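K.L.:
Here you go, one structure.
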Amino acid sequence: MMIKNVLGRVLPEEINGLKTIPYQGVGKYIPRGRKAAPPIASCANYPSDGNKVVSSLREALEKCGLRDGMTLSAHHHFRNGDKLMNMLFDTAAEMGVRDLMFYPSATFPCHEHLIRHLDAGVIHHIEGSLNGPLGAYCSAGKMRGLGVLRSHGGRYTALQDGEVHVNIAVIAAPTADPFGNATGSRGPSACGLLGFALGDSQYADKVIVVTDNLEPFPCAPFQIHGNLVDWVVVVDEIGDPSKIVSGTTELTKSPDRLYIAELTARFIEAAGIMRDGFSMQAGAGGTNLAFAIFLRDLMREAGVKARFIRGGSTKYLVEMLEEGLTDFILDGQTFDTVAVESIRNHPNRHVTTSPFTSYNYHSKGNFASIVDVAVLGATEVDIQFNANVATHSDGILQHGLGGWPNCLAAKCTILALPSFRDRIPVLVDEVTTVCGPGELIDVIVTERGIAINPRRQDLLDATKDAHLPVRPIQEIQAEVERICGGKPEPPQYGENFVAAIKWVDGTVMDALRELR
């Protein structure tokens, strides 16, 4: 059986055994009930000297009672340099365990190794971002359960609400002490933050910290509390921090995309958003990183200082901090090693955040809605301003949602993107996969002009005399289609659903079918 949500997207009635709650509109779904909780623990079951170090990951998993059908979680602080996720499931396979559900905060191409464990039945399915090879595997209908993509905040919300129950969380920690206190800010594998592991440490039944840098108690200051940790494992290497920098965290060199970045900064200035005490967030992607440089120059010329900048921290944001152009960086994650070093050197000016503080929609407010302007990317945008970040027009899962859906809560949301990629239009009649609703997306900036959502008459009025190339989105779309020779061909789907896109409130915004 199938149902439809308010956007008219067709959904399965159940997703991995749970009844589907269709997307109802922004702010329309209000949850009921109380937060989930892990089992009560007792100090009587742990070493009285506080030393929780065991000999191997296998021993830790055995002590945590790993068995068939459990849910395991891990975290992407090392991005494409992560080594723990593959190690975890290699160990589970050696133990003969099967049908595990994997709940990562994100996956990267380095996790293609997990396909062998999906094929062998060690992993039943993955509920987490499915990038690259894992996304293609899911889109082909090879995974036995549905892939479920959640935003960073939605992932925390699912843990908090009890929608997903993690049996064993495994946390890669660049530095830890024998009690389990851990941080990502120092050590040979320093990656910056461990915020994505916070919810798992709070709500999982059992928690294992894996480190390659054990120091005497106390590991201070710590980001993960040892009181929440069951066992500590020391290995040779948990990840390669040099690979935190990936394709989404490298500055663009494209003239068109540099122009888009410059236009975006000029728009923010013209709209009156760039003023003393304002706040902003720039997402991952080369264009967005370049935007931060152009905005920095405009701020310097105007003598404007931001109160805070939200990150993904990069060396470009660090330069703004060190130059005195912002009071604080609110770090959500760390995108390069310069930012890692800055967190260590300027602890009072970096505010380490987590999906709970930044993005959790089922809370008493979060930081995302306080931000004045968020500049993000997308793979597709339609003439209703709905946007897609998970697939391209071919329908293949290629990207996770990350914090993108959560950032749409900003007071002004701008998508800075090229009007076409590989001669395929990015502006379309209807996006292939809906990941964010048009009512929350205010401005589209392309190399062929700026489209302002008609809902934002205030922005239209503020920029009408700014000599910026503001045009209706339909006009830009028509021009791009003439250049590209028409509209992109829609994907050919089979009957079976393979994945679902969750909105920030836990409702289902879209569902993907297997590709023929």
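We label chains A, B, ... in the order they appear in the structure tokens, count residues from 1 in each chain, and number ligands from 1 in the order shown.
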Identify, on the basis of only C-alpha atoms, every residue whose closest approach to Val381 in chain A does not exceed 10 Å; exclude the query and any residue fewer than 3 positions from it along the same chain; express the result as a list in words.

P.N.:
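In the requested form, the answer reads Gly377, Ala378, Gln384, Phe385, Asn386, Ala387, Asn388, Val389, Leu415, Leu417, Ser419, Pro425, Val426, Leu427, Val428, Asp429, Glu430, Val431, Thr432, Thr433, Val434, Gly436, Gly438, Ile441, Ile444, Ile473 and Gln477 of chain A.
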
K.L.:
Could you list, as JSON, numbers by chain, every residue within 9 Å of Ile238 in chain A, counting only C-alpha atoms and ignoring same-chain residues fewer than 5 positions away?

P.N.:
{"A": [78, 81, 82, 83, 84, 172, 173, 174, 189, 210, 211, 212]}

K.L.:
Take the residues just selected and output them with N, CA and C atoms as an mmCIF file, in the first residue's frame.

P.N.:
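Result saved to selection_30.cif:
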data_model
loop_
_atom_site.group_PDB
_atom_site.id
_atom_site.type_symbol
_atom_site.label_atom_id
_atom_site.label_comp_id
_atom_site.auth_asym_id
_atom_site.auth_seq_id
_atom_site.Cartn_x
_atom_site.Cartn_y
_atom_site.Cartn_z
ATOM 1 N N PHE A 78 35.812 12.018 10.712
ATOM 2 C CA PHE A 78 36.984 11.943 9.831
ATOM 3 C C PHE A 78 36.605 11.987 8.355
ATOM 4 N N GLY A 81 38.398 10.122 5.591
ATOM 5 C CA GLY A 81 39.563 9.518 6.236
ATOM 6 C C GLY A 81 39.203 8.561 7.361
ATOM 7 N N ASP A 82 37.920 8.261 7.526
ATOM 8 C CA ASP A 82 37.497 7.376 8.617
ATOM 9 C C ASP A 82 38.004 5.946 8.411
ATOM 10 N N LYS A 83 38.449 5.321 9.499
ATOM 11 C CA LYS A 83 38.900 3.926 9.434
ATOM 12 C C LYS A 83 38.130 3.015 10.387
ATOM 13 N N LEU A 84 37.308 3.611 11.250
ATOM 14 C CA LEU A 84 36.660 2.809 12.280
ATOM 15 C C LEU A 84 35.442 2.051 11.777
ATOM 16 N N ALA A 172 34.791 7.036 17.472
ATOM 17 C CA ALA A 172 36.212 7.263 17.189
ATOM 18 C C ALA A 172 36.648 8.546 17.883
ATOM 19 N N ALA A 173 37.605 8.445 18.806
ATOM 20 C CA ALA A 173 38.021 9.590 19.616
ATOM 21 C C ALA A 173 39.523 9.815 19.468
ATOM 22 N N PRO A 174 39.947 10.946 18.933
ATOM 23 C CA PRO A 174 41.379 11.218 18.783
ATOM 24 C C PRO A 174 42.162 11.226 20.095
ATOM 25 N N SER A 189 45.516 12.220 15.653
ATOM 26 C CA SER A 189 44.396 12.116 14.704
ATOM 27 C C SER A 189 43.335 13.174 14.971
ATOM 28 N N VAL A 210 36.784 4.321 20.933
ATOM 29 C CA VAL A 210 37.981 3.760 20.302
ATOM 30 C C VAL A 210 38.941 4.913 20.025
ATOM 31 N N THR A 211 40.166 4.798 20.514
ATOM 32 C CA THR A 211 41.122 5.894 20.390
ATOM 33 C C THR A 211 42.485 5.384 19.949
ATOM 34 N N ASP A 212 43.286 6.276 19.376
ATOM 35 C CA ASP A 212 44.692 5.952 19.097
ATOM 36 C C ASP A 212 45.614 6.846 19.926
#

K.L.:
Determine, for each residue of range 133-193 of chain A having at least one atom at most 12 Å from an atom of range 25-33 of chain A, the closest pair of atoms and their separation in Å to one decimal, counting only C-alpha atoms; order by chain and ascending number, as CSV.

P.N.:
residue,atom,partner,partner_atom,distance
A:Thr157,CA,A:Pro31,CA,10.8
A:Ala158,CA,A:Pro31,CA,11.6
A:Gln160,CA,A:Gly33,CA,11.1
A:Asp161,CA,A:Gly33,CA,8.2
A:Gly162,CA,A:Gly33,CA,10.1
A:Glu163,CA,A:Pro31,CA,11.7

K.L.:
List the neighbours of Ser151 in chain A out to 12 Å using only C-alpha atoms; skip same-chain residues closer than 2 positions along the sequence, and give me the result as a VMD selection string.

P.N.:
chain A and resid 104 to 106 127 to 129 148 to 149 153 to 158 196 355 to 356 358 to 361 389 to 390 399 to 408 435 to 436 500 to 509

K.L.:
Using C-alpha atoms, can you export the residues from the last selection as a PDB file, in the first residue's frame?

P.N.:
ATOM      1  CA  PRO A 104      26.011   6.258  10.836  1.00  0.00           C
ATOM      2  CA  SER A 105      25.928  10.035  10.997  1.00  0.00           C
ATOM      3  CA  ALA A 106      27.295   9.953   7.429  1.00  0.00           C
ATOM      4  CA  GLU A 127      19.809   4.320   7.957  1.00  0.00           C
ATOM      5  CA  GLY A 128      22.140   7.235   7.320  1.00  0.00           C
ATOM      6  CA  SER A 129      23.498   9.266   4.461  1.00  0.00           C
ATOM      7  CA  VAL A 148      16.584   6.257   5.491  1.00  0.00           C
ATOM      8  CA  LEU A 149      18.214   9.656   5.035  1.00  0.00           C
ATOM      9  CA  GLY A 153      19.322  17.266  13.508  1.00  0.00           C
ATOM     10  CA  GLY A 154      16.788  14.669  12.397  1.00  0.00           C
ATOM     11  CA  ARG A 155      19.222  11.931  13.312  1.00  0.00           C
ATOM     12  CA  TYR A 156      19.534  13.284  16.861  1.00  0.00           C
ATOM     13  CA  THR A 157      15.748  13.731  17.035  1.00  0.00           C
ATOM     14  CA  ALA A 158      15.207  10.089  16.033  1.00  0.00           C
ATOM     15  CA  PHE A 196      27.737  13.992  16.085  1.00  0.00           C
ATOM     16  CA  PRO A 355      22.982  18.482  16.548  1.00  0.00           C
ATOM     17  CA  PHE A 356      21.130  18.848  19.869  1.00  0.00           C
ATOM     18  CA  SER A 358      22.049  23.451  16.609  1.00  0.00           C
ATOM     19  CA  TYR A 359      19.418  21.441  14.822  1.00  0.00           C
ATOM     20  CA  ASN A 360      17.127  19.312  17.007  1.00  0.00           C
ATOM     21  CA  TYR A 361      13.622  20.290  15.885  1.00  0.00           C
ATOM     22  CA  VAL A 389      20.442  17.572  -2.352  1.00  0.00           C
ATOM     23  CA  ALA A 390      20.297  13.762  -2.255  1.00  0.00           C
ATOM     24  CA  HIS A 399      24.745  12.660  -1.274  1.00  0.00           C
ATOM     25  CA  GLY A 400      23.650  12.708   2.333  1.00  0.00           C
ATOM     26  CA  LEU A 401      21.386  15.407   3.746  1.00  0.00           C
ATOM     27  CA  GLY A 402      23.861  16.622   6.385  1.00  0.00           C
ATOM     28  CA  GLY A 403      22.739  19.767   8.150  1.00  0.00           C
ATOM     29  CA  TRP A 404      21.240  21.182   4.937  1.00  0.00           C
ATOM     30  CA  PRO A 405      17.536  20.721   5.808  1.00  0.00           C
ATOM     31  CA  ASN A 406      18.087  22.105   9.302  1.00  0.00           C
ATOM     32  CA  CYS A 407      19.791  25.240   7.963  1.00  0.00           C
ATOM     33  CA  LEU A 408      16.676  26.142   5.969  1.00  0.00           C
ATOM     34  CA  CYS A 435      14.668  17.334   0.349  1.00  0.00           C
ATOM     35  CA  GLY A 436      13.575  20.845   1.322  1.00  0.00           C
ATOM     36  CA  ALA A 500      13.107   7.522   2.238  1.00  0.00           C
ATOM     37  CA  ILE A 501      13.879  11.191   2.857  1.00  0.00           C
ATOM     38  CA  LYS A 502      12.937  12.358   6.351  1.00  0.00           C
ATOM     39  CA  TRP A 503      12.108  15.976   7.085  1.00  0.00           C
ATOM     40  CA  VAL A 504      13.548  17.616  10.231  1.00  0.00           C
ATOM     41  CA  ASP A 505      10.430  16.776  12.268  1.00  0.00           C
ATOM     42  CA  GLY A 506      10.623  13.039  11.506  1.00  0.00           C
ATOM     43  CA  THR A 507       7.888  13.003   8.860  1.00  0.00           C
ATOM     44  CA  VAL A 508       8.587  11.576   5.391  1.00  0.00           C
ATOM     45  CA  MET A 509       9.144  14.158   2.660  1.00  0.00           C
TER      46      MET A 509
END

K.L.:
DSSP on the backbone, then: every residue of range 110-192 of chain A marked strand (DSSP E), written as a VMD selection string.

P.N.:
chain A and resid 123 to 126 147 to 149 168 to 173 175 to 176 182 to 183

K.L.:
Using only C-alpha atoms for the distances, tell me which of A:Asp422, A:Glu262, A:Asp461, A:Asp205 is nearest to Ala292 in chain A.

P.N.:
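Using only C-alpha atoms, the shortest distance to Ala292 in chain A belongs to A:Glu262.
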
K.L.:
Phe497 in chain A: which residues within 12 Å, counting only C-alpha atoms, same-chain residues fewer than 5 positions away excluded, as a list in words?

P.N.:
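Everything that qualifies: Met1, Met2, Val10, Leu11, Pro12, Glu13, Glu14, Ile15, Asn16, Cys138, Ser139, Ala140, Gly141, Lys142, Met143, Arg144, Gly145, Leu146, Gly147, Val148, Asp510, Ala511, Leu512, Arg513, Glu514 and Leu515 of chain A.
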
K.L.:
Do you have the CA of Asp327 in chain A-CA of His75 in chain A distance handy?

P.N.:
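Between these atoms lies a distance of 29.1 Å.
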
K.L.:
How many Å lie between CA of Asn86 in chain A and CA of Arg516 in chain A, rounded to one decimal?

P.N.:
29.4 Å

K.L.:
If you run DSSP on the backbone, which residues of range 194-282 of chain A are helix (DSSP H, G or I), as an MDAnalysis selection string?

P.N.:
chainID A and resid 195:203 226:228 241:244 247:249 255:270

K.L.:
Provide the CA of Thr71 in chain A to CA of Thr175 in chain A distance in Å, to one decimal place.

P.N.:
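Separating CA of Thr71 in chain A from CA of Thr175 in chain A is a distance of 25.3 Å.
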
K.L.:
Rank nothing, just name the residue among A:Phe179, A:Phe335, A:Phe328, A:Phe291 nearest to Pro347 in chain A, using only C-alpha atoms.

P.N.:
A:Phe328

K.L.:
If we count only C-alpha atoms and set the cut-off at 8 Å, which residues sit around range 50-60 of chain A, ignoring sequence neighbours fewer than 4 positions away in its own chain? Please answer as a ChimeraX atom specification.

P.N.:
/A:46,64,88,91-92,95,178-180,208,210,230-235

K.L.:
Keeping only N, CA and C atoms, write the selected residues as an mmCIF file, in the first residue's frame.

P.N.:
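Output file again04.cif follows:
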data_model
loop_
_atom_site.group_PDB
_atom_site.id
_atom_site.type_symbol
_atom_site.label_atom_id
_atom_site.label_comp_id
_atom_site.auth_asym_id
_atom_site.auth_seq_id
_atom_site.Cartn_x
_atom_site.Cartn_y
_atom_site.Cartn_z
ATOM 1 N N TYR A 46 31.333 -1.969 36.728
ATOM 2 C CA TYR A 46 32.481 -1.383 36.054
ATOM 3 C C TYR A 46 33.662 -1.333 37.013
ATOM 4 N N CYS A 64 29.668 -5.924 25.372
ATOM 5 C CA CYS A 64 28.416 -5.200 25.149
ATOM 6 C C CYS A 64 27.294 -6.110 24.659
ATOM 7 N N LEU A 88 34.875 -1.818 12.353
ATOM 8 C CA LEU A 88 33.762 -2.294 13.176
ATOM 9 C C LEU A 88 33.055 -3.474 12.528
ATOM 10 N N THR A 91 35.064 -6.676 12.206
ATOM 11 C CA THR A 91 35.067 -7.398 13.482
ATOM 12 C C THR A 91 33.754 -8.123 13.698
ATOM 13 N N ALA A 92 32.635 -7.480 13.382
ATOM 14 C CA ALA A 92 31.333 -8.132 13.521
ATOM 15 C C ALA A 92 31.244 -9.366 12.632
ATOM 16 N N MET A 95 33.015 -12.242 14.092
ATOM 17 C CA MET A 95 32.252 -12.794 15.208
ATOM 18 C C MET A 95 31.041 -13.597 14.752
ATOM 19 N N PRO A 178 41.382 6.485 30.248
ATOM 20 C CA PRO A 178 40.887 5.129 30.524
ATOM 21 C C PRO A 178 39.445 5.085 31.018
ATOM 22 N N PHE A 179 38.950 6.191 31.554
ATOM 23 C CA PHE A 179 37.570 6.239 32.042
ATOM 24 C C PHE A 179 36.564 6.408 30.908
ATOM 25 N N GLY A 180 37.016 6.894 29.757
ATOM 26 C CA GLY A 180 36.133 7.089 28.612
ATOM 27 C C GLY A 180 35.860 8.525 28.256
ATOM 28 N N ILE A 208 31.073 2.402 23.219
ATOM 29 C CA ILE A 208 32.494 2.055 23.155
ATOM 30 C C ILE A 208 33.248 3.238 22.567
ATOM 31 N N VAL A 210 36.784 4.321 20.933
ATOM 32 C CA VAL A 210 37.981 3.760 20.302
ATOM 33 C C VAL A 210 38.941 4.913 20.025
ATOM 34 N N ASP A 230 30.962 2.711 28.225
ATOM 35 C CA ASP A 230 31.133 1.391 28.841
ATOM 36 C C ASP A 230 32.571 0.916 28.781
ATOM 37 N N TRP A 231 33.183 0.971 27.570
ATOM 38 C CA TRP A 231 34.513 0.397 27.404
ATOM 39 C C TRP A 231 35.353 1.264 26.484
ATOM 40 N N VAL A 232 36.654 1.178 26.648
ATOM 41 C CA VAL A 232 37.616 1.948 25.860
ATOM 42 C C VAL A 232 38.561 0.981 25.161
ATOM 43 N N VAL A 233 38.795 1.227 23.872
ATOM 44 C CA VAL A 233 39.687 0.382 23.067
ATOM 45 C C VAL A 233 40.781 1.258 22.471
ATOM 46 N N VAL A 234 42.019 0.788 22.518
ATOM 47 C CA VAL A 234 43.139 1.513 21.914
ATOM 48 C C VAL A 234 43.590 0.765 20.662
ATOM 49 N N VAL A 235 43.649 1.474 19.525
ATOM 50 C CA VAL A 235 44.088 0.887 18.255
ATOM 51 C C VAL A 235 45.211 1.742 17.682
#
